[in-house]
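To be precise, the following lines are final_29.csv, and they hold CSV, C-alpha atoms and all ligand atoms.
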chain,number,residue,atom,x,y,z
X,13,MET,CA,-41.7,261.5,59.1
X,14,SER,CA,-43.2,258.2,57.9
X,15,SER,CA,-46.2,258.4,55.6
X,16,MET,CA,-47.4,255.0,56.8
X,17,LYS,CA,-50.8,255.1,58.4
X,18,SER,CA,-52.2,251.6,58.2
X,19,ILE,CA,-50.6,248.3,58.6
X,20,CYS,CA,-52.2,245.2,57.0
X,21,LEU,CA,-51.8,242.0,59.1
X,22,TYR,CA,-51.8,238.5,57.6
X,23,CYS,CA,-51.9,235.8,60.2
X,24,GLY,CA,-53.3,232.4,61.2
X,25,SER,CA,-57.0,231.8,62.1
X,26,SER,CA,-56.4,228.7,64.2
X,27,ASN,CA,-57.1,228.7,67.9
X,28,ASP,CA,-55.3,225.4,68.5
X,29,VAL,CA,-51.7,226.7,68.1
X,30,ASP,CA,-49.0,227.0,70.8
X,31,PRO,CA,-49.7,230.0,73.0
X,32,LYS,CA,-46.3,231.6,72.0
X,33,TYR,CA,-47.9,232.5,68.7
X,34,LEU,CA,-51.0,234.0,70.3
X,35,ASP,CA,-48.7,236.0,72.6
X,36,LEU,CA,-46.8,237.4,69.7
X,37,ALA,CA,-50.1,238.4,68.1
X,38,VAL,CA,-51.2,240.2,71.3
X,39,ASP,CA,-47.9,241.9,71.5
X,40,LEU,CA,-48.0,243.0,67.9
X,41,GLY,CA,-51.6,244.4,68.2
X,42,LYS,CA,-50.7,246.5,71.2
X,43,THR,CA,-47.5,247.8,69.6
X,44,ILE,CA,-49.3,248.8,66.4
X,45,ALA,CA,-51.8,250.7,68.5
X,46,ASP,CA,-49.2,252.3,70.7
X,47,ARG,CA,-47.3,253.5,67.7
X,48,GLY,CA,-50.4,255.2,66.3
X,49,TYR,CA,-51.0,252.9,63.3
X,50,ARG,CA,-54.3,251.5,62.2
X,51,LEU,CA,-54.5,247.7,62.0
X,52,VAL,CA,-56.2,246.4,58.9
X,53,TYR,CA,-56.9,242.7,59.0
X,54,GLY,CA,-59.4,239.9,58.0
X,55,GLY,CA,-62.0,240.8,60.6
X,56,GLY,CA,-62.2,237.6,62.6
X,57,SER,CA,-62.1,237.0,66.3
X,58,VAL,CA,-60.3,233.6,66.0
X,59,GLY,CA,-56.7,232.6,66.3
X,60,LEU,CA,-53.9,235.2,65.9
X,61,MET,CA,-56.3,237.4,63.9
X,62,GLY,CA,-58.6,237.8,66.9
X,63,ALA,CA,-55.7,238.0,69.4
X,64,SER,CA,-54.0,240.9,67.6
X,65,ALA,CA,-57.2,242.8,66.8
X,66,ASN,CA,-58.5,242.6,70.3
X,67,SER,CA,-55.2,243.7,71.7
X,68,ALA,CA,-55.0,246.7,69.4
X,69,HIS,CA,-58.6,247.6,70.2
X,70,LEU,CA,-57.9,247.3,74.0
X,71,ALA,CA,-54.9,249.6,73.6
X,72,GLY,CA,-57.0,252.3,72.1
X,73,GLY,CA,-56.0,251.7,68.5
X,74,ASP,CA,-58.0,251.9,65.3
X,75,VAL,CA,-58.8,248.6,63.7
X,76,LEU,CA,-60.5,247.8,60.4
X,77,GLY,CA,-61.7,244.2,59.8
X,78,ILE,CA,-62.7,243.0,56.3
X,79,MET,CA,-64.6,239.8,56.0
X,80,PRO,CA,-66.5,237.9,53.3
X,81,LYS,CA,-70.1,237.1,54.0
X,82,PHE,CA,-69.7,233.3,53.9
X,83,LEU,CA,-67.0,233.4,56.7
X,84,LEU,CA,-69.0,235.6,59.1
X,85,SER,CA,-69.8,232.7,61.5
X,86,LYS,CA,-66.8,230.5,60.9
X,87,GLU,CA,-64.2,233.3,61.6
X,88,ARG,CA,-66.6,235.0,64.0
X,89,ILE,CA,-66.6,238.7,63.0
X,90,PHE,CA,-65.1,241.0,65.6
X,91,ASP,CA,-67.9,243.5,65.8
X,92,LEU,CA,-66.4,245.9,68.5
X,93,VAL,CA,-64.3,247.4,65.8
X,94,GLU,CA,-65.0,249.0,62.4
X,95,HIS,CA,-65.7,246.2,59.9
X,96,ARG,CA,-66.8,245.8,56.3
X,97,ILE,CA,-68.5,242.8,54.8
X,98,VAL,CA,-67.6,241.9,51.3
X,99,ASP,CA,-68.9,239.2,48.9
X,100,THR,CA,-65.7,237.3,48.0
X,101,MET,CA,-62.2,236.4,49.2
X,102,HIS,CA,-60.9,238.3,46.3
X,103,GLU,CA,-62.7,241.5,47.4
X,104,ARG,CA,-61.4,241.1,50.9
X,105,LYS,CA,-57.8,240.8,49.8
X,106,GLN,CA,-58.1,243.7,47.4
X,107,MET,CA,-59.7,246.0,50.1
X,108,MET,CA,-57.1,244.9,52.7
X,109,PHE,CA,-54.4,245.9,50.2
X,110,GLU,CA,-56.0,249.2,49.3
X,111,GLU,CA,-56.6,250.2,52.9
X,112,SER,CA,-53.0,249.7,54.0
X,113,ASP,CA,-49.5,251.1,53.4
X,114,ALA,CA,-47.4,248.1,54.5
X,115,PHE,CA,-47.8,244.4,55.6
X,116,ILE,CA,-46.8,242.3,58.5
X,117,VAL,CA,-47.0,238.6,58.3
X,118,LEU,CA,-47.3,236.6,61.5
X,119,PRO,CA,-47.2,232.8,61.7
X,120,GLY,CA,-50.2,231.2,59.9
X,121,GLY,CA,-51.5,228.5,57.6
X,122,ILE,CA,-52.3,228.3,53.9
X,123,GLY,CA,-54.5,231.4,54.0
X,124,THR,CA,-51.7,233.5,55.5
X,125,LEU,CA,-49.2,232.1,53.0
X,126,GLU,CA,-51.5,232.8,50.0
X,127,GLU,CA,-52.1,236.4,51.0
X,128,ALA,CA,-48.4,237.1,51.7
X,129,VAL,CA,-47.2,235.4,48.5
X,130,GLU,CA,-49.8,237.2,46.3
X,131,MET,CA,-48.6,240.6,47.7
X,132,LEU,CA,-45.0,239.7,47.1
X,133,SER,CA,-45.8,238.6,43.5
X,134,TRP,CA,-47.6,241.9,42.9
X,135,ALA,CA,-44.6,243.8,44.2
X,136,ARG,CA,-42.3,241.6,42.0
X,137,LEU,CA,-44.5,242.7,39.0
X,138,GLY,CA,-44.1,246.3,40.0
X,139,LEU,CA,-47.8,246.7,40.9
X,140,HIS,CA,-47.0,248.2,44.3
X,141,SER,CA,-44.0,249.1,46.5
X,142,LYS,CA,-45.6,248.6,49.9
X,143,PRO,CA,-43.0,246.9,52.3
X,144,MET,CA,-43.6,243.6,54.0
X,145,ALA,CA,-42.1,242.2,57.3
X,146,PHE,CA,-42.4,238.6,58.4
X,147,LEU,CA,-42.6,238.5,62.2
X,148,ASP,CA,-42.1,235.2,63.9
X,149,VAL,CA,-40.9,233.3,67.0
X,150,ASP,CA,-38.6,230.2,67.1
X,151,GLY,CA,-37.9,230.5,63.4
X,152,PHE,CA,-41.4,229.7,62.2
X,153,TRP,CA,-40.8,231.3,58.8
X,154,SER,CA,-37.3,229.9,58.3
X,155,PRO,CA,-38.5,227.2,55.8
X,156,PHE,CA,-40.2,229.9,53.8
X,157,PHE,CA,-37.0,232.0,53.6
X,158,GLU,CA,-35.1,228.9,52.6
X,159,LEU,CA,-37.5,228.3,49.7
X,160,MET,CA,-37.2,232.0,48.6
X,161,GLY,CA,-33.4,231.7,48.7
X,162,HIS,CA,-33.6,228.5,46.7
X,163,ILE,CA,-35.7,230.1,43.9
X,164,VAL,CA,-33.2,232.9,43.7
X,165,GLU,CA,-30.2,230.6,43.7
X,166,ASP,CA,-31.6,228.6,40.8
X,167,LYS,CA,-32.3,231.9,39.0
X,168,PHE,CA,-36.1,231.7,38.8
X,169,THR,CA,-36.2,235.1,40.5
X,170,PRO,CA,-33.6,237.9,40.7
X,171,ALA,CA,-31.8,238.5,44.0
X,172,GLU,CA,-33.5,241.9,44.4
X,173,PHE,CA,-36.7,240.0,45.1
X,174,LEU,CA,-35.2,239.2,48.6
X,175,ASP,CA,-35.2,243.0,49.3
X,176,LEU,CA,-39.0,243.1,49.1
X,177,PHE,CA,-39.4,241.7,52.6
X,178,SER,CA,-37.6,241.7,56.0
X,179,HIS,CA,-37.5,239.3,58.9
X,180,ALA,CA,-38.2,240.5,62.5
X,181,THR,CA,-38.5,238.7,65.8
X,182,THR,CA,-40.2,241.5,67.8
X,183,PRO,CA,-43.1,243.8,66.8
X,184,THR,CA,-40.9,246.9,67.3
X,185,GLN,CA,-38.3,245.5,64.9
X,186,ALA,CA,-41.0,244.7,62.3
X,187,ILE,CA,-42.6,248.2,62.5
X,188,ASP,CA,-39.1,249.9,62.5
X,189,SER,CA,-38.2,248.0,59.3
X,190,LEU,CA,-41.5,249.0,57.6
X,191,GLU,CA,-40.9,252.7,58.5
X,192,THR,CA,-37.3,252.6,57.3
X,193,ARG,CA,-38.3,251.1,54.0
X,194,ILE,CA,-41.3,253.4,53.5
X,195,ILE,CA,-39.0,256.4,53.9
X,196,SER,CA,-36.3,255.0,51.6
X,197,LEU,CA,-38.9,254.4,48.9
X,198,LYS,CA,-40.0,258.0,48.8
X,201,LIG,P1,-55.0,230.6,57.7
X,201,LIG,O1,-53.6,231.1,57.7
X,201,LIG,O2,-55.2,229.4,56.8
X,201,LIG,O3,-55.5,230.3,59.1
X,201,LIG,O4,-55.9,231.8,57.1
X,201,LIG,C1,-55.7,233.1,57.6
X,201,LIG,C2,-56.8,234.0,57.0
X,201,LIG,O5,-56.6,234.0,55.6
X,201,LIG,C3,-58.2,233.5,57.2
X,201,LIG,O6,-59.0,234.6,57.6
X,201,LIG,C4,-58.6,233.0,55.9
X,201,LIG,O7,-60.0,233.2,55.7
X,201,LIG,C5,-57.9,233.9,55.0
X,201,LIG,N1,-57.7,233.5,53.6
X,201,LIG,C6,-57.5,232.2,53.1
X,201,LIG,N2,-57.4,232.2,51.8
X,201,LIG,C7,-57.7,233.4,51.4
X,201,LIG,C8,-57.8,234.1,50.1
X,201,LIG,N3,-57.6,233.4,49.0
X,201,LIG,N4,-58.0,235.4,50.0
X,201,LIG,C9,-58.2,236.1,51.2
X,201,LIG,N5,-58.1,235.6,52.4
X,201,LIG,C10,-57.9,234.3,52.5

Represent the structure from my file as structure tokens, please.
Ligand code: AMP
Amino acid sequence: MSSMKSICLYCGSSNDVDPKYLDLAVDLGKTIADRGYRLVYGGGSVGLMGASANSAHLAGGDVLGIMPKFLLSKERIFDLVEHRIVDTMHERKQMMFEESDAFIVLPGGIGTLEEAVEMLSWARLGLHSKPMAFLDVDGFWSPFFELMGHIVEDKFTPAEFLDLFSHATTPTQAIDSLETRIISLK
């Protein structure tokens, strides 16, 4: 049985994106709830963040949102679910990490990228072994995978680095890959 209880989600906060991205976030939120996992995320009700959290909540799942004070109005805290208010971005990221067992990365902007890359760099340094899955539609993350392949090819990073994350195109595939890797790490 998997020891995974909570999945941390990194994703975009923009509302202006193509609906296909918001649909994927809705689908993911529901799937996380249906499979009995708690969703840990940045606490907002905007963009893919809001879409996934609302969907998990409506499906009866547990959700924990973690938001820094200064973003409360900008990212509109989703107060129908458990939430914690922290002082800094740093504390938010640390708490999201501590409260979860694995990560899913949906399409997003610089904030999403920063959060995902920091967790990969911590894994690369051996600071944790929590698995990560990138979940996308229409190859959104392909340029990122290309860049990761390039840094390995030019020997800035060992090839094992590429095993730290997987690529999924459905929420089920993403969660399956996290479960498999959590079990194989035990
Ligand atoms: P974005 O992908 O740019 O829409 O950002 C997604 C989420 O990441 C938003 O909730 C941002 O507030 C958050 N974010 C951006 N930078 C950081 C950071 N350095 N630490 C924690 N969260 C961040």

Give me, as a tab-separated table, each residue of chain X that comes within 6 Å of ligand LIG 201 (chain X), together with its shortest interatomic pair and the distance in Å at one decimal, counting only C-alpha atoms and all ligand atoms, with rows ordered by chain and rising residue number.
residue	atom	partner	partner_atom	distance
X:Cys23	CA	X:LIG201	C1	5.3
X:Gly24	CA	X:LIG201	O3	3.7
X:Ser25	CA	X:LIG201	O3	3.7
X:Ser26	CA	X:LIG201	O3	5.4
X:Gly54	CA	X:LIG201	O6	5.3
X:Met101	CA	X:LIG201	N4	4.4
X:His102	CA	X:LIG201	N4	5.5
X:Arg104	CA	X:LIG201	C9	5.9
X:Lys105	CA	X:LIG201	C9	4.9
X:Gly120	CA	X:LIG201	O1	4.1
X:Gly121	CA	X:LIG201	O1	3.3
X:Ile122	CA	X:LIG201	O2	4.2
X:Gly123	CA	X:LIG201	C6	3.2
X:Thr124	CA	X:LIG201	O1	3.8

Based on the selection just made, write C-alpha atoms of those residues as an mmCIF file, keeping the file's coordinate frame.
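The new file again.cif reads:
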data_model
loop_
_atom_site.group_PDB
_atom_site.id
_atom_site.type_symbol
_atom_site.label_atom_id
_atom_site.label_comp_id
_atom_site.auth_asym_id
_atom_site.auth_seq_id
_atom_site.Cartn_x
_atom_site.Cartn_y
_atom_site.Cartn_z
ATOM 1 C CA CYS X 23 -51.900 235.800 60.200
ATOM 2 C CA GLY X 24 -53.300 232.400 61.200
ATOM 3 C CA SER X 25 -57.000 231.800 62.100
ATOM 4 C CA SER X 26 -56.400 228.700 64.200
ATOM 5 C CA GLY X 54 -59.400 239.900 58.000
ATOM 6 C CA MET X 101 -62.200 236.400 49.200
ATOM 7 C CA HIS X 102 -60.900 238.300 46.300
ATOM 8 C CA ARG X 104 -61.400 241.100 50.900
ATOM 9 C CA LYS X 105 -57.800 240.800 49.800
ATOM 10 C CA GLY X 120 -50.200 231.200 59.900
ATOM 11 C CA GLY X 121 -51.500 228.500 57.600
ATOM 12 C CA ILE X 122 -52.300 228.300 53.900
ATOM 13 C CA GLY X 123 -54.500 231.400 54.000
ATOM 14 C CA THR X 124 -51.700 233.500 55.500
#

- request: Name the closest residue to Asp188 of chain X among the candidates X:Met144, X:Met131, X:Val93, X:Ile163; distances are taken between atoms, counting all atoms listed in the file.
  value: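 With all atoms listed in the file as the atom set, the closest residue is X:Met144.
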
- request: Quote the spacing between atom CA of Leu132 of chain X and atom CA of Asp28 of chain X in Å to one decimal place.
  value: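 Separating atom CA of Leu132 of chain X from atom CA of Asp28 of chain X is a distance of 27.7 Å.
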
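Going from atom CA of Glu87 of chain X to atom CA of Val58 of chain X covers 5.9 Å.
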
query: For Thr184 of chain X, which of X:Asp99, X:Leu147, X:Gly56, X:Pro80 is the closest residue, counting all atoms listed in the file?
result: X:Leu147

- prompt: Val129 of chain X: which residues within 12 Å, counting all atoms listed in the file, same-chain residues fewer than 2 positions away excluded, as a ChimeraX atom specification?
  reply: /X:22,105,115,117,122-127,131-136,144,146,156-157,160,173,176-177

Close residues, segment 62-78 of chain X itself excluded, 8 Å, all atoms listed in the file, min 3 positions apart in chain, as a short mmCIF file (atom, residue, chain, number, x, y, z; two decimals) with C-alpha atoms, in the coordinates of the input:
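Generated output (selection_27.cif):
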data_model
loop_
_atom_site.label_atom_id
_atom_site.label_comp_id
_atom_site.auth_asym_id
_atom_site.auth_seq_id
_atom_site.Cartn_x
_atom_site.Cartn_y
_atom_site.Cartn_z
CA SER X 25 -57.00 231.80 62.10
CA LEU X 34 -51.00 234.00 70.30
CA ASP X 35 -48.70 236.00 72.60
CA ALA X 37 -50.10 238.40 68.10
CA VAL X 38 -51.20 240.20 71.30
CA ASP X 39 -47.90 241.90 71.50
CA LEU X 40 -48.00 243.00 67.90
CA GLY X 41 -51.60 244.40 68.20
CA LYS X 42 -50.70 246.50 71.20
CA THR X 43 -47.50 247.80 69.60
CA ILE X 44 -49.30 248.80 66.40
CA ALA X 45 -51.80 250.70 68.50
CA ASP X 46 -49.20 252.30 70.70
CA GLY X 48 -50.40 255.20 66.30
CA TYR X 49 -51.00 252.90 63.30
CA ARG X 50 -54.30 251.50 62.20
CA LEU X 51 -54.50 247.70 62.00
CA VAL X 52 -56.20 246.40 58.90
CA TYR X 53 -56.90 242.70 59.00
CA GLY X 54 -59.40 239.90 58.00
CA GLY X 55 -62.00 240.80 60.60
CA GLY X 56 -62.20 237.60 62.60
CA SER X 57 -62.10 237.00 66.30
CA VAL X 58 -60.30 233.60 66.00
CA GLY X 59 -56.70 232.60 66.30
CA PHE X 90 -65.10 241.00 65.60
CA VAL X 93 -64.30 247.40 65.80
CA GLU X 94 -65.00 249.00 62.40
CA HIS X 95 -65.70 246.20 59.90
CA ARG X 96 -66.80 245.80 56.30
CA ILE X 97 -68.50 242.80 54.80
CA VAL X 98 -67.60 241.90 51.30
CA ARG X 104 -61.40 241.10 50.90
CA MET X 107 -59.70 246.00 50.10
CA MET X 108 -57.10 244.90 52.70
#

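Atom CA of Cys20 of chain X lies 16.8 Å from atom CA of Leu139 of chain X.
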
query: For Arg193 of chain X, which residue out of X:Asp113, X:Glu103, X:Glu158, X:Asp166 is the nearest one, using all atoms listed in the file?
result: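 Between X:Asp113, X:Glu103, X:Glu158, X:Asp166, the residue approaching Arg193 of chain X most closely is X:Asp113.
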
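Closest approach to Ala180 of chain X among X:Met16, X:Leu21, X:Val29, X:Ala145 is made by X:Ala145 (distances from all atoms listed in the file).
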
How big is the axis-aligned box, and where does its centre sit, when it encloses all atoms of segment 15-20 of chain X listed in the file and has 4 Å added on every side, reported in Å to one decimal as lines of an AutoDock Vina configuration file?
center_x = -49.2
center_y = 251.8
center_z = 57.1
size_x = 14.0
size_y = 21.2
size_z = 11.0

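Shortest atom-to-atom contact with Pro143 of chain X among X:Pro155, X:Thr192, X:Pro170, X:Met79: X:Thr192, counting all atoms listed in the file.
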
- request: Would you please work out which residue, of X:Ala114, X:Phe168, X:Tyr33, X:Ser178, is nearest to Ser15 of chain X when using all atoms listed in the file?
  value: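 Checking each candidate against Ser15 of chain X, we get X:Ala114 as the closest.
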
Take segment 158-185 of chain X, model N, CA and C atoms, and hand the result over as an mmCIF file, keeping the file's coordinate frame.
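This is the output file selection.cif:
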data_model
loop_
_atom_site.group_PDB
_atom_site.id
_atom_site.type_symbol
_atom_site.label_atom_id
_atom_site.label_comp_id
_atom_site.auth_asym_id
_atom_site.auth_seq_id
_atom_site.Cartn_x
_atom_site.Cartn_y
_atom_site.Cartn_z
ATOM 1 N N GLU X 158 -35.949 229.882 53.300
ATOM 2 C CA GLU X 158 -35.100 228.900 52.600
ATOM 3 C C GLU X 158 -35.568 228.692 51.188
ATOM 4 N N LEU X 159 -36.884 228.528 51.051
ATOM 5 C CA LEU X 159 -37.500 228.300 49.700
ATOM 6 C C LEU X 159 -37.253 229.544 48.837
ATOM 7 N N MET X 160 -37.415 230.734 49.408
ATOM 8 C CA MET X 160 -37.200 232.000 48.600
ATOM 9 C C MET X 160 -35.758 232.075 48.173
ATOM 10 N N GLY X 161 -34.830 231.698 49.079
ATOM 11 C CA GLY X 161 -33.400 231.700 48.700
ATOM 12 C C GLY X 161 -33.127 230.713 47.601
ATOM 13 N N HIS X 162 -33.800 229.589 47.664
ATOM 14 C CA HIS X 162 -33.600 228.500 46.700
ATOM 15 C C HIS X 162 -34.100 228.964 45.274
ATOM 16 N N ILE X 163 -35.237 229.664 45.203
ATOM 17 C CA ILE X 163 -35.700 230.100 43.900
ATOM 18 C C ILE X 163 -34.814 231.168 43.285
ATOM 19 N N VAL X 164 -34.174 231.926 44.179
ATOM 20 C CA VAL X 164 -33.200 232.900 43.700
ATOM 21 C C VAL X 164 -31.946 232.260 43.243
ATOM 22 N N GLU X 165 -31.467 231.327 44.065
ATOM 23 C CA GLU X 165 -30.200 230.600 43.700
ATOM 24 C C GLU X 165 -30.320 229.907 42.395
ATOM 25 N N ASP X 166 -31.477 229.331 42.120
ATOM 26 C CA ASP X 166 -31.600 228.600 40.800
ATOM 27 C C ASP X 166 -32.135 229.532 39.730
ATOM 28 N N LYS X 167 -32.073 230.842 39.998
ATOM 29 C CA LYS X 167 -32.300 231.900 39.000
ATOM 30 C C LYS X 167 -33.731 231.930 38.411
ATOM 31 N N PHE X 168 -34.709 231.511 39.222
ATOM 32 C CA PHE X 168 -36.100 231.700 38.800
ATOM 33 C C PHE X 168 -36.573 233.114 39.123
ATOM 34 N N THR X 169 -35.852 233.737 40.061
ATOM 35 C CA THR X 169 -36.200 235.100 40.500
ATOM 36 C C THR X 169 -34.918 235.843 40.791
ATOM 37 N N PRO X 170 -34.847 237.132 40.417
ATOM 38 C CA PRO X 170 -33.600 237.900 40.700
ATOM 39 C C PRO X 170 -33.381 238.121 42.161
ATOM 40 N N ALA X 171 -32.140 238.301 42.544
ATOM 41 C CA ALA X 171 -31.800 238.500 44.000
ATOM 42 C C ALA X 171 -32.482 239.658 44.600
ATOM 43 N N GLU X 172 -32.799 240.702 43.811
ATOM 44 C CA GLU X 172 -33.500 241.900 44.400
ATOM 45 C C GLU X 172 -34.815 241.526 45.002
ATOM 46 N N PHE X 173 -35.377 240.413 44.565
ATOM 47 C CA PHE X 173 -36.700 240.000 45.100
ATOM 48 C C PHE X 173 -36.574 239.859 46.652
ATOM 49 N N LEU X 174 -35.396 239.428 47.136
ATOM 50 C CA LEU X 174 -35.200 239.200 48.600
ATOM 51 C C LEU X 174 -35.288 240.536 49.357
ATOM 52 N N ASP X 175 -35.147 241.676 48.643
ATOM 53 C CA ASP X 175 -35.200 243.000 49.300
ATOM 54 C C ASP X 175 -36.681 243.412 49.549
ATOM 55 N N LEU X 176 -37.627 242.671 48.992
ATOM 56 C CA LEU X 176 -39.000 243.100 49.100
ATOM 57 C C LEU X 176 -39.602 242.810 50.502
ATOM 58 N N PHE X 177 -38.903 241.994 51.268
ATOM 59 C CA PHE X 177 -39.400 241.700 52.600
ATOM 60 C C PHE X 177 -38.277 241.607 53.613
ATOM 61 N N SER X 178 -38.642 241.789 54.884
ATOM 62 C CA SER X 178 -37.600 241.700 56.000
ATOM 63 C C SER X 178 -38.121 240.637 56.959
ATOM 64 N N HIS X 179 -37.222 240.304 57.861
ATOM 65 C CA HIS X 179 -37.500 239.300 58.900
ATOM 66 C C HIS X 179 -37.341 239.959 60.273
ATOM 67 N N ALA X 180 -38.341 239.871 61.131
ATOM 68 C CA ALA X 180 -38.200 240.500 62.500
ATOM 69 C C ALA X 180 -38.665 239.449 63.506
ATOM 70 N N THR X 181 -38.113 239.625 64.712
ATOM 71 C CA THR X 181 -38.500 238.700 65.800
ATOM 72 C C THR X 181 -39.193 239.476 66.931
ATOM 73 N N THR X 182 -39.351 240.776 66.787
ATOM 74 C CA THR X 182 -40.200 241.500 67.800
ATOM 75 C C THR X 182 -41.048 242.497 66.954
ATOM 76 N N PRO X 183 -42.225 242.852 67.503
ATOM 77 C CA PRO X 183 -43.100 243.800 66.800
ATOM 78 C C PRO X 183 -42.402 245.124 66.536
ATOM 79 N N THR X 184 -41.588 245.598 67.494
ATOM 80 C CA THR X 184 -40.900 246.900 67.300
ATOM 81 C C THR X 184 -39.957 246.806 66.106
ATOM 82 N N GLN X 185 -39.214 245.703 66.031
ATOM 83 C CA GLN X 185 -38.300 245.500 64.900
ATOM 84 C C GLN X 185 -39.070 245.487 63.568
#
